[in-house]
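> Supplied in structure tokens, the structure appears directly below.
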Protein chains: 2
Amino acid sequence: MDEFEIINEFLTLNVKNRKDVIQGIGDDCALLKVPRGQRLAVSMDTLIGDVHFVADSNPEDIAHKAVAVNLSDLAAAGAEPSWVTLSLTLPEFDQQWLTAFHRGLKKIVDYFGVQIIGGDTCKGPLSITVQAHGFVPQQVFIKRNTAKAGELICVTGNLGDAALGLAIAKGELTDVDEDSKEKLLKQYQRPYPRVGAGIALRGRATAAIDISDGLLADVRHISQASGVGVLLRWERIPLSEAAKKVADKPLLMKSALSGGDDYELCFTVKEDEFEATQQALETVGSTCIAIGRMTGKPGVRVLDHDENVAIDTFGYQHFG
Amino acid sequence: MDEFEIINEFLTLNVKNRKDVIQGIGDDCALLKVPRGQRLAVSMDTLIGDVHFVADSNPEDIAHKAVAVNLSDLAAAGAEPSWVTLSLTLPEFDQQWLTAFHRGLKKIVDYFGVQIIGGDTCKGPLSITVQAHGFVPQQVFIKRNTAKAGELICVTGNLGDAALGLAIAKGELTDVDEDSKEKLLKQYQRPYPRVGAGIALRGRATAAIDISDGLLADVRHISQASGVGVLLRWERIPLSEAAKKVADKPLLMKSALSGGDDYELCFTVKEDEFEATQQALETVGSTCIAIGRMTGKPGVRVLDHDENVAIDTFGYQHFG
């Protein structure tokens with residue numbers, strides 16, 4: 001099977017064309033129509049075997065995650081996803097692996113109604129690069145450098161589950177009941193990007209980012225880009241029942257504050273917009289928890305019932 | 001230096017924003033405006049160290065080629081390039097390497113007036129994925145499945161130089177004068193995509209493809225997609241003086257027919273459009289040579305002064 005056959009068999013997905021796709025896979029270029037009044041938002045991320053995921057993970061999870069992390073970036077911008085390109089590099093042709101990868105890919109693109117419009121397949125060390133494309137009107141595009149002192153900082157969902165799931169997958173966390181294990185692993189393996197929440201935040205969030213590197217690292221991006229400080233309150237950080245059950249407080253703090261891969265949204269709102277924002281997020285099945293406030297004092301601080309929490313890491317970085 | 005600093009230092013390029021870039025590098029997403037009346041053409045290609053290029057090649061060449069191969073796909077569609085995203089995976093942080101890579105990147109994006117709007121940097125086995133974006137009005141988008149029997153098949157530029165350059169780089173071709181060596185190596189290391197020619201072919205070429213896998217392989221894509229055959233005449237294939245000087249006939253045929261990396265355009269035109277097309281290409285500094293004809297008989301044939309040429313390869317394929 002050559003690369004063109006691989007693309008046909010496993011990556012084309014035989015889905016019906018979206019109306020905004022004039023030419024999909026199969027030519028030198030895809031040709032696309034951005035609807036009138038919309039701007040194009042794009043995000044590109046690469047996942048590398050044994051760097052971003054265990055290389056012998058379930059290929060269905062790998063496909064899911066490669067798409068999910070990019071849709072999560074679109075969600076943080078308030079954009080509605082439309083198209084995906086995907087470049088897959090594989091050490092060898094492996095039909096079983098490709099079949100599972102294809103299944104994971106099809107599930108997530110169908111779930112979000114996006115279409116794979118192009119890409120590449122090569123032989124080499126396992127890696128996947130995905131670019132996601134979406135639409136958002138210019139005036140409601142959500143940036144990270146527009147937070148102001150006094151605004152509330154909020155998150156969707158629970159934090160730390162993915163980091164605990166990774167610890168379980170790596171065998172670092174063992175004394176765990178089956179139910180919690182399943183829930184935490186799922187958060188790590190199949191994060192669902194907050195696409196609906198991102199759209200609901202249009203015109204409400206003053207700034208946003210998705211939590212991929214860990215809460216503190218991502219909050220710091222908002223803080224530094226906006227030129228304001230952040231004061232977080234540990235006791236307000238939303239934690240799942242499963243997380244509280246399997247982890248002691250130091251591990252909980254590490255997972256929720258510095259663990260990556262949550263793919264929840266972290267955003268700022270004006271105080272008098274908080275309730276309306278909470279209601280808007282509830283309509284898309286998402287919680288909205290205020291975990292602190294933007295301040296005039298630079299830097300990121302965390303209080304635990306008014307005691308300062310020592311921060312020793314801002315999350316994982318390549319070449320760090 | 002962490003990944004964010006690498007992006008700032010080496011990939012942002014500090015260029016003035018294009019007017020159609022509302023948000024460039026530095027947020028979760030880039031935000032872009034496709035001009036009214038235009039459609040968006042996109043193409044994504046991955047280059048892998050020691051698969052697509054010798055891993056210890058000049059990083060300036062690697063950067064050039066990673067962008068060039070994608071702009072070449074846009075050229076084949078008649079699209080005008082606008083933006084590029086780039087994901088760079090490096091085994092280690094190497095300032096000297098990155099400085100040279102940056103120089104190559106800046107040269108080619110400045111040359112074509114495109115802007116780098118986003119991407120990713122990771123640690124891992126050397127590879128570069130680029131997605132190029134461009135504009136083309138829908139009615140003049142050039143496809144590969146629209147050639148018809150009776151039409152002429154033409155190419156820009158000379159064929160085979162890049163394959164001979166690769167043979168020289170690999171030390172497989174040694175008895176070569178300095179002047180030819182320099183010319184052939186340059187065609188391999190720094191191909192200039194036929195962006196102007198692609199735009200000049202709007203409304204004239206009935207189908208087109210860029211020659212990346214080798215003439216026969218790429219012609220076969222047009223042939224199969226269009227459901228027509230191809231009859232090429234070897235004696236009409238344009239060859240450079242350098243190629244004719246350093247290679248005997250068997251090597252010339254192999255290089256020009258099956259060697260990849262030429263990044264010239266191969267396209268079909270109606271016979272009575274040929275002269276006007278040739279004139280249009282001359283205005284953008286490109287030749288236009290008719291090398292054969294589309295036929296009703298399926299398959300790709302090559303005649304050498306009316307003798308059939310045996311074809312044993314259709315060019316390089318991954319997993320082939």
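Chain labels follow the order of the structure tokens: the first chain is A, the next B, and so on; residue numbering restarts at 1 in every chain, and ligands are counted from 1 in their shown order.
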DSSP on the backbone, strand (DSSP E) only: what residues of segment 67-316 of chain B does that give? Format it as a PyMOL selection string.
chain B and resi 80-90+115-123+127-136+152-155+207-210+229-233+265-269+289-295+300-304+307-308
> Can you show chain A as an mmCIF file with C-alpha atoms, in the first residue's frame once it has been least-squares superposed onto chain B, using every C-alpha atom paired in order?

data_model
loop_
_atom_site.group_PDB
_atom_site.id
_atom_site.type_symbol
_atom_site.label_atom_id
_atom_site.label_comp_id
_atom_site.auth_asym_id
_atom_site.auth_seq_id
_atom_site.Cartn_x
_atom_site.Cartn_y
_atom_site.Cartn_z
ATOM 1 C CA MET A 1 15.840 28.876 25.900
ATOM 2 C CA ASP A 2 12.326 27.403 26.067
ATOM 3 C CA GLU A 3 9.963 26.777 23.185
ATOM 4 C CA PHE A 4 8.249 30.155 23.526
ATOM 5 C CA GLU A 5 11.575 31.947 23.346
ATOM 6 C CA ILE A 6 12.578 29.872 20.311
ATOM 7 C CA ILE A 7 9.370 30.907 18.563
ATOM 8 C CA ASN A 8 9.987 34.550 19.437
ATOM 9 C CA GLU A 9 13.635 34.560 18.505
ATOM 10 C CA PHE A 10 13.751 32.409 15.409
ATOM 11 C CA LEU A 11 10.322 31.946 13.936
ATOM 12 C CA THR A 12 8.448 35.203 14.405
ATOM 13 C CA LEU A 13 10.742 37.033 11.948
ATOM 14 C CA ASN A 14 9.552 40.402 13.234
ATOM 15 C CA VAL A 15 7.999 41.227 9.904
ATOM 16 C CA LYS A 16 5.336 43.816 9.419
ATOM 17 C CA ASN A 17 1.918 42.248 9.483
ATOM 18 C CA ARG A 18 0.175 41.713 6.195
ATOM 19 C CA LYS A 19 -3.136 43.539 6.120
ATOM 20 C CA ASP A 20 -5.018 40.249 5.987
ATOM 21 C CA VAL A 21 -3.390 39.052 9.239
ATOM 22 C CA ILE A 22 -5.478 40.272 12.180
ATOM 23 C CA GLN A 23 -3.611 38.161 14.747
ATOM 24 C CA GLY A 24 -0.287 36.517 13.927
ATOM 25 C CA ILE A 25 1.994 34.433 16.135
ATOM 26 C CA GLY A 26 1.481 34.771 19.890
ATOM 27 C CA ASP A 27 -2.030 33.640 20.752
ATOM 28 C CA ASP A 28 -3.892 30.317 20.737
ATOM 29 C CA CYS A 29 -4.924 30.960 17.153
ATOM 30 C CA ALA A 30 -3.989 33.195 14.282
ATOM 31 C CA LEU A 31 -6.897 35.236 12.915
ATOM 32 C CA LEU A 32 -7.021 35.862 9.187
ATOM 33 C CA LYS A 33 -9.104 37.586 6.576
ATOM 34 C CA VAL A 34 -9.632 36.024 3.174
ATOM 35 C CA PRO A 35 -10.261 38.909 0.747
ATOM 36 C CA ARG A 36 -13.721 39.207 -0.788
ATOM 37 C CA GLY A 37 -14.140 37.211 -4.000
ATOM 38 C CA GLN A 38 -11.236 34.924 -3.147
ATOM 39 C CA ARG A 39 -11.230 31.347 -1.961
ATOM 40 C CA LEU A 40 -8.647 29.887 0.396
ATOM 41 C CA ALA A 41 -6.249 27.274 -1.022
ATOM 42 C CA VAL A 42 -4.203 25.229 1.463
ATOM 43 C CA SER A 43 -1.500 22.604 1.210
ATOM 44 C CA MET A 44 0.437 20.758 3.932
ATOM 45 C CA ASP A 45 3.697 18.845 3.540
ATOM 46 C CA THR A 46 6.108 17.260 5.984
ATOM 47 C CA LEU A 47 9.845 16.929 5.385
ATOM 48 C CA ILE A 48 11.690 14.415 7.538
ATOM 49 C CA GLY A 49 15.413 14.305 8.215
ATOM 50 C CA ASP A 50 17.119 11.512 6.260
ATOM 51 C CA VAL A 51 13.904 10.733 4.401
ATOM 52 C CA HIS A 52 13.227 13.910 2.414
ATOM 53 C CA PHE A 53 16.603 15.531 2.965
ATOM 54 C CA VAL A 54 19.992 14.643 4.392
ATOM 55 C CA ALA A 55 19.615 15.507 8.099
ATOM 56 C CA ASP A 56 22.908 17.382 8.234
ATOM 57 C CA SER A 57 22.070 19.548 5.188
ATOM 58 C CA ASN A 58 22.473 23.290 5.461
ATOM 59 C CA PRO A 59 19.533 24.381 7.676
ATOM 60 C CA GLU A 60 19.040 27.370 5.356
ATOM 61 C CA ASP A 61 18.289 24.937 2.527
ATOM 62 C CA ILE A 62 15.978 22.886 4.752
ATOM 63 C CA ALA A 63 13.935 25.954 5.681
ATOM 64 C CA HIS A 64 13.811 27.063 2.057
ATOM 65 C CA LYS A 65 12.641 23.701 0.824
ATOM 66 C CA ALA A 66 10.025 23.158 3.539
ATOM 67 C CA VAL A 67 8.312 26.376 2.448
ATOM 68 C CA ALA A 68 9.051 25.996 -1.280
ATOM 69 C CA VAL A 69 7.411 22.580 -1.682
ATOM 70 C CA ASN A 70 4.171 23.915 -0.236
ATOM 71 C CA LEU A 71 4.174 27.109 -2.287
ATOM 72 C CA SER A 72 4.710 24.862 -5.299
ATOM 73 C CA ASP A 73 1.434 23.074 -4.530
ATOM 74 C CA LEU A 74 -0.308 26.446 -4.368
ATOM 75 C CA ALA A 75 1.296 27.411 -7.705
ATOM 76 C CA ALA A 76 -0.115 24.258 -9.322
ATOM 77 C CA ALA A 77 -3.574 25.393 -8.235
ATOM 78 C CA GLY A 78 -3.096 28.921 -9.558
ATOM 79 C CA ALA A 79 -3.183 30.341 -6.040
ATOM 80 C CA GLU A 80 -1.327 33.387 -4.745
ATOM 81 C CA PRO A 81 0.439 32.541 -1.472
ATOM 82 C CA SER A 82 -0.360 34.576 1.637
ATOM 83 C CA TRP A 83 0.428 32.801 4.924
ATOM 84 C CA VAL A 84 2.492 29.934 6.242
ATOM 85 C CA THR A 85 2.323 27.878 9.447
ATOM 86 C CA LEU A 86 5.350 25.849 10.467
ATOM 87 C CA SER A 87 5.924 23.110 13.008
ATOM 88 C CA LEU A 88 9.587 22.419 13.689
ATOM 89 C CA THR A 89 10.757 19.341 15.585
ATOM 90 C CA LEU A 90 14.420 19.417 16.602
ATOM 91 C CA PRO A 91 16.517 16.807 18.420
ATOM 92 C CA GLU A 92 18.109 19.514 20.551
ATOM 93 C CA PHE A 93 18.307 23.252 20.897
ATOM 94 C CA ASP A 94 21.113 24.366 18.589
ATOM 95 C CA GLN A 95 21.484 28.091 18.241
ATOM 96 C CA GLN A 96 23.730 27.930 15.178
ATOM 97 C CA TRP A 97 21.329 25.585 13.399
ATOM 98 C CA LEU A 98 18.332 27.754 14.300
ATOM 99 C CA THR A 99 20.093 30.919 13.160
ATOM 100 C CA ALA A 100 20.732 29.424 9.727
ATOM 101 C CA PHE A 101 17.225 27.956 9.552
ATOM 102 C CA HIS A 102 15.800 31.350 10.419
ATOM 103 C CA ARG A 103 17.858 33.007 7.679
ATOM 104 C CA GLY A 104 16.572 30.568 5.033
ATOM 105 C CA LEU A 105 13.008 30.965 6.275
ATOM 106 C CA LYS A 106 13.129 34.737 6.244
ATOM 107 C CA LYS A 107 14.567 34.845 2.725
ATOM 108 C CA ILE A 108 11.874 32.734 1.120
ATOM 109 C CA VAL A 109 8.894 34.228 2.963
ATOM 110 C CA ASP A 110 10.158 37.733 2.194
ATOM 111 C CA TYR A 111 10.749 36.797 -1.449
ATOM 112 C CA PHE A 112 7.165 35.665 -1.880
ATOM 113 C CA GLY A 113 5.627 38.236 0.470
ATOM 114 C CA VAL A 114 4.054 35.626 2.715
ATOM 115 C CA GLN A 115 3.795 35.807 6.497
ATOM 116 C CA ILE A 116 4.434 33.118 9.101
ATOM 117 C CA ILE A 117 1.310 33.199 11.236
ATOM 118 C CA GLY A 118 1.761 30.306 13.637
ATOM 119 C CA GLY A 119 3.093 26.861 14.330
ATOM 120 C CA ASP A 120 4.773 24.783 16.943
ATOM 121 C CA THR A 121 8.245 23.776 18.133
ATOM 122 C CA CYS A 122 8.998 20.446 19.780
ATOM 123 C CA LYS A 123 11.883 18.273 20.790
ATOM 124 C CA GLY A 124 12.195 15.054 18.805
ATOM 125 C CA PRO A 125 13.552 13.569 15.572
ATOM 126 C CA LEU A 126 14.191 16.327 13.002
ATOM 127 C CA SER A 127 11.132 17.133 10.898
ATOM 128 C CA ILE A 128 9.309 20.152 9.551
ATOM 129 C CA THR A 129 5.659 20.392 8.657
ATOM 130 C CA VAL A 130 4.526 23.447 6.747
ATOM 131 C CA GLN A 131 1.064 24.481 5.674
ATOM 132 C CA ALA A 132 0.844 27.136 3.007
ATOM 133 C CA HIS A 133 -2.262 29.231 2.456
ATOM 134 C CA GLY A 134 -3.133 31.243 -0.614
ATOM 135 C CA PHE A 135 -5.937 32.945 -2.492
ATOM 136 C CA VAL A 136 -7.565 32.124 -5.787
ATOM 137 C CA PRO A 137 -10.973 33.017 -7.219
ATOM 138 C CA GLN A 138 -13.067 29.866 -7.434
ATOM 139 C CA GLN A 139 -13.614 29.962 -11.203
ATOM 140 C CA VAL A 140 -9.865 29.920 -11.987
ATOM 141 C CA PHE A 141 -8.732 27.344 -9.383
ATOM 142 C CA ILE A 142 -6.697 24.804 -11.374
ATOM 143 C CA LYS A 143 -7.335 21.127 -10.661
ATOM 144 C CA ARG A 144 -5.699 17.931 -11.834
ATOM 145 C CA ASN A 145 -8.791 16.003 -12.887
ATOM 146 C CA THR A 146 -9.935 18.299 -15.690
ATOM 147 C CA ALA A 147 -7.560 17.465 -18.589
ATOM 148 C CA LYS A 148 -9.143 16.270 -21.850
ATOM 149 C CA ALA A 149 -7.922 14.068 -24.703
ATOM 150 C CA GLY A 150 -6.350 16.111 -27.494
ATOM 151 C CA GLU A 151 -4.939 18.799 -25.219
ATOM 152 C CA LEU A 152 -1.225 19.557 -25.155
ATOM 153 C CA ILE A 153 0.764 18.695 -22.034
ATOM 154 C CA CYS A 154 3.420 21.269 -21.168
ATOM 155 C CA VAL A 155 6.028 22.035 -18.543
ATOM 156 C CA THR A 156 7.757 25.121 -17.216
ATOM 157 C CA GLY A 157 11.566 25.156 -16.895
ATOM 158 C CA ASN A 158 13.947 22.214 -17.269
ATOM 159 C CA LEU A 159 13.507 18.733 -15.841
ATOM 160 C CA GLY A 160 16.011 16.456 -14.131
ATOM 161 C CA ASP A 161 18.369 19.071 -12.692
ATOM 162 C CA ALA A 162 17.259 18.463 -9.107
ATOM 163 C CA ALA A 163 17.745 14.682 -9.404
ATOM 164 C CA LEU A 164 21.243 15.254 -10.796
ATOM 165 C CA GLY A 165 21.919 17.734 -7.994
ATOM 166 C CA LEU A 166 20.883 15.077 -5.468
ATOM 167 C CA ALA A 167 23.191 12.532 -7.157
ATOM 168 C CA ILE A 168 26.047 15.044 -6.837
ATOM 169 C CA ALA A 169 25.189 15.775 -3.185
ATOM 170 C CA LYS A 170 25.184 12.041 -2.446
ATOM 171 C CA GLY A 171 28.542 11.576 -4.216
ATOM 172 C CA GLU A 172 26.971 9.263 -6.807
ATOM 173 C CA LEU A 173 27.858 11.601 -9.672
ATOM 174 C CA THR A 174 31.436 12.818 -9.425
ATOM 175 C CA ASP A 175 32.987 13.702 -12.783
ATOM 176 C CA VAL A 176 31.318 17.120 -12.896
ATOM 177 C CA ASP A 177 32.718 20.594 -13.664
ATOM 178 C CA GLU A 178 32.344 23.243 -10.934
ATOM 179 C CA ASP A 179 29.904 25.407 -12.879
ATOM 180 C CA SER A 180 27.481 22.541 -13.633
ATOM 181 C CA LYS A 181 27.837 21.237 -10.096
ATOM 182 C CA GLU A 182 26.828 24.573 -8.628
ATOM 183 C CA LYS A 183 23.846 24.963 -10.953
ATOM 184 C CA LEU A 184 22.516 21.443 -10.396
ATOM 185 C CA LEU A 185 23.034 21.495 -6.637
ATOM 186 C CA LYS A 186 21.165 24.790 -6.466
ATOM 187 C CA GLN A 187 18.182 23.323 -8.302
ATOM 188 C CA TYR A 188 18.088 20.519 -5.743
ATOM 189 C CA GLN A 189 18.757 22.637 -2.647
ATOM 190 C CA ARG A 190 16.844 25.818 -3.443
ATOM 191 C CA PRO A 191 14.013 25.131 -5.852
ATOM 192 C CA TYR A 192 11.959 28.253 -6.585
ATOM 193 C CA PRO A 193 8.294 27.351 -6.834
ATOM 194 C CA ARG A 194 6.575 28.637 -9.982
ATOM 195 C CA VAL A 195 4.205 30.960 -8.157
ATOM 196 C CA GLY A 196 4.060 33.580 -10.920
ATOM 197 C CA ALA A 197 3.586 30.915 -13.577
ATOM 198 C CA GLY A 198 0.715 29.366 -11.627
ATOM 199 C CA ILE A 199 -1.089 32.697 -11.522
ATOM 200 C CA ALA A 200 -0.366 33.267 -15.234
ATOM 201 C CA LEU A 201 -1.987 29.898 -15.972
ATOM 202 C CA ARG A 202 -5.327 30.940 -14.454
ATOM 203 C CA GLY A 203 -8.037 30.598 -17.077
ATOM 204 C CA ARG A 204 -5.558 28.967 -19.503
ATOM 205 C CA ALA A 205 -4.370 25.643 -18.082
ATOM 206 C CA THR A 206 -7.136 23.038 -18.155
ATOM 207 C CA ALA A 207 -5.301 21.001 -15.471
ATOM 208 C CA ALA A 208 -2.015 21.268 -13.591
ATOM 209 C CA ILE A 209 0.236 19.628 -11.038
ATOM 210 C CA ASP A 210 3.663 20.460 -9.688
ATOM 211 C CA ILE A 211 6.489 18.051 -10.411
ATOM 212 C CA SER A 212 7.558 16.864 -6.974
ATOM 213 C CA ASP A 213 7.563 13.063 -7.308
ATOM 214 C CA GLY A 214 8.954 13.014 -10.859
ATOM 215 C CA LEU A 215 7.398 13.842 -14.238
ATOM 216 C CA LEU A 216 5.942 10.388 -14.948
ATOM 217 C CA ALA A 217 4.465 9.942 -11.478
ATOM 218 C CA ASP A 218 2.923 13.407 -11.528
ATOM 219 C CA VAL A 219 1.669 13.142 -15.113
ATOM 220 C CA ARG A 220 0.063 9.879 -14.075
ATOM 221 C CA HIS A 221 -1.864 11.735 -11.368
ATOM 222 C CA ILE A 222 -3.333 14.068 -14.011
ATOM 223 C CA SER A 223 -3.974 11.122 -16.323
ATOM 224 C CA GLN A 224 -5.725 8.944 -13.761
ATOM 225 C CA ALA A 225 -7.678 11.781 -12.154
ATOM 226 C CA SER A 226 -8.854 13.037 -15.551
ATOM 227 C CA GLY A 227 -9.519 9.578 -17.021
ATOM 228 C CA VAL A 228 -7.366 10.226 -20.076
ATOM 229 C CA GLY A 229 -4.012 8.918 -21.313
ATOM 230 C CA VAL A 230 -0.725 10.700 -21.907
ATOM 231 C CA LEU A 231 1.742 10.406 -24.757
ATOM 232 C CA LEU A 232 5.055 12.145 -24.035
ATOM 233 C CA ARG A 233 7.897 12.723 -26.503
ATOM 234 C CA TRP A 234 11.325 12.355 -24.933
ATOM 235 C CA GLU A 235 13.021 14.575 -27.523
ATOM 236 C CA ARG A 236 10.839 17.501 -26.428
ATOM 237 C CA ILE A 237 11.622 17.279 -22.691
ATOM 238 C CA PRO A 238 13.492 20.479 -21.779
ATOM 239 C CA LEU A 239 16.951 19.776 -20.347
ATOM 240 C CA SER A 240 19.495 22.266 -19.037
ATOM 241 C CA GLU A 241 22.919 22.642 -20.617
ATOM 242 C CA ALA A 242 24.431 21.547 -17.290
ATOM 243 C CA ALA A 243 22.351 18.355 -17.247
ATOM 244 C CA LYS A 244 23.296 17.478 -20.819
ATOM 245 C CA LYS A 245 26.933 18.098 -19.964
ATOM 246 C CA VAL A 246 27.202 15.878 -16.880
ATOM 247 C CA ALA A 247 24.823 13.003 -17.612
ATOM 248 C CA ASP A 248 24.672 10.342 -20.319
ATOM 249 C CA LYS A 249 21.347 9.566 -21.947
ATOM 250 C CA PRO A 250 20.171 6.810 -19.550
ATOM 251 C CA LEU A 251 20.884 9.013 -16.540
ATOM 252 C CA LEU A 252 19.277 12.006 -18.249
ATOM 253 C CA MET A 253 16.122 10.011 -18.932
ATOM 254 C CA LYS A 254 15.979 8.641 -15.411
ATOM 255 C CA SER A 255 16.530 12.101 -13.898
ATOM 256 C CA ALA A 256 14.116 13.987 -16.143
ATOM 257 C CA LEU A 257 11.351 11.363 -16.230
ATOM 258 C CA SER A 258 11.458 9.810 -12.772
ATOM 259 C CA GLY A 259 13.610 12.100 -10.638
ATOM 260 C CA GLY A 260 11.631 14.193 -8.188
ATOM 261 C CA ASP A 261 12.127 17.619 -6.636
ATOM 262 C CA ASP A 262 12.004 19.681 -9.841
ATOM 263 C CA TYR A 263 9.052 21.786 -8.630
ATOM 264 C CA GLU A 264 8.283 22.869 -12.158
ATOM 265 C CA LEU A 265 4.640 22.964 -13.236
ATOM 266 C CA CYS A 266 3.165 20.377 -15.566
ATOM 267 C CA PHE A 267 -0.112 21.431 -17.136
ATOM 268 C CA THR A 268 -2.478 20.880 -20.012
ATOM 269 C CA VAL A 269 -3.792 23.491 -22.475
ATOM 270 C CA LYS A 270 -6.055 23.429 -25.474
ATOM 271 C CA GLU A 271 -3.936 23.525 -28.653
ATOM 272 C CA ASP A 272 -5.322 26.894 -29.762
ATOM 273 C CA GLU A 273 -4.462 28.369 -26.357
ATOM 274 C CA PHE A 274 -0.822 27.279 -26.486
ATOM 275 C CA GLU A 275 0.718 30.416 -27.978
ATOM 276 C CA ALA A 276 -1.161 32.777 -25.675
ATOM 277 C CA THR A 277 -0.147 30.596 -22.721
ATOM 278 C CA GLN A 278 3.477 30.637 -23.817
ATOM 279 C CA GLN A 279 3.383 34.432 -23.996
ATOM 280 C CA ALA A 280 1.710 34.697 -20.594
ATOM 281 C CA LEU A 281 4.409 32.509 -19.031
ATOM 282 C CA GLU A 282 7.191 34.489 -20.709
ATOM 283 C CA THR A 283 5.945 37.623 -18.958
ATOM 284 C CA VAL A 284 6.664 35.940 -15.614
ATOM 285 C CA GLY A 285 10.092 34.682 -16.714
ATOM 286 C CA SER A 286 9.060 31.100 -17.351
ATOM 287 C CA THR A 287 9.352 28.907 -20.406
ATOM 288 C CA CYS A 288 6.446 26.834 -21.700
ATOM 289 C CA ILE A 289 7.368 23.666 -23.556
ATOM 290 C CA ALA A 290 4.835 21.245 -25.044
ATOM 291 C CA ILE A 291 6.136 17.742 -24.296
ATOM 292 C CA GLY A 292 3.228 15.656 -25.504
ATOM 293 C CA ARG A 293 -0.487 15.270 -25.731
ATOM 294 C CA MET A 294 -3.395 13.892 -23.729
ATOM 295 C CA THR A 295 -4.957 10.905 -25.456
ATOM 296 C CA GLY A 296 -8.065 8.771 -25.218
ATOM 297 C CA LYS A 297 -5.961 5.666 -24.508
ATOM 298 C CA PRO A 298 -5.394 5.160 -20.759
ATOM 299 C CA GLY A 299 -1.891 5.049 -19.311
ATOM 300 C CA VAL A 300 1.319 7.012 -19.670
ATOM 301 C CA ARG A 301 3.567 6.314 -22.683
ATOM 302 C CA VAL A 302 6.843 7.904 -23.692
ATOM 303 C CA LEU A 303 8.204 7.888 -27.253
ATOM 304 C CA ASP A 304 11.826 8.587 -28.147
ATOM 305 C CA HIS A 305 11.713 9.515 -31.861
ATOM 306 C CA ASP A 306 8.756 7.159 -32.323
ATOM 307 C CA GLU A 307 10.356 4.299 -30.362
ATOM 308 C CA ASN A 308 8.581 3.268 -27.140
ATOM 309 C CA VAL A 309 10.568 3.995 -23.977
ATOM 310 C CA ALA A 310 10.310 1.266 -21.328
ATOM 311 C CA ILE A 311 9.057 2.788 -18.079
ATOM 312 C CA ASP A 312 10.095 0.943 -14.970
ATOM 313 C CA THR A 313 9.427 3.408 -12.218
ATOM 314 C CA PHE A 314 6.888 6.049 -11.428
ATOM 315 C CA GLY A 315 8.995 7.841 -8.902
ATOM 316 C CA TYR A 316 9.644 7.578 -5.199
ATOM 317 C CA GLN A 317 6.862 6.527 -2.854
ATOM 318 C CA HIS A 318 6.725 6.097 0.899
ATOM 319 C CA PHE A 319 5.675 2.628 2.078
ATOM 320 C CA GLY A 320 5.950 1.600 -1.622
#
> Please return as a ChimeraX atom specification: the residues of segment 95-264 of chain A that backbone DSSP assigns to alpha helix (DSSP H).
/A:95-112,161-169,178-189,195-200,215-226,241-246,249-253
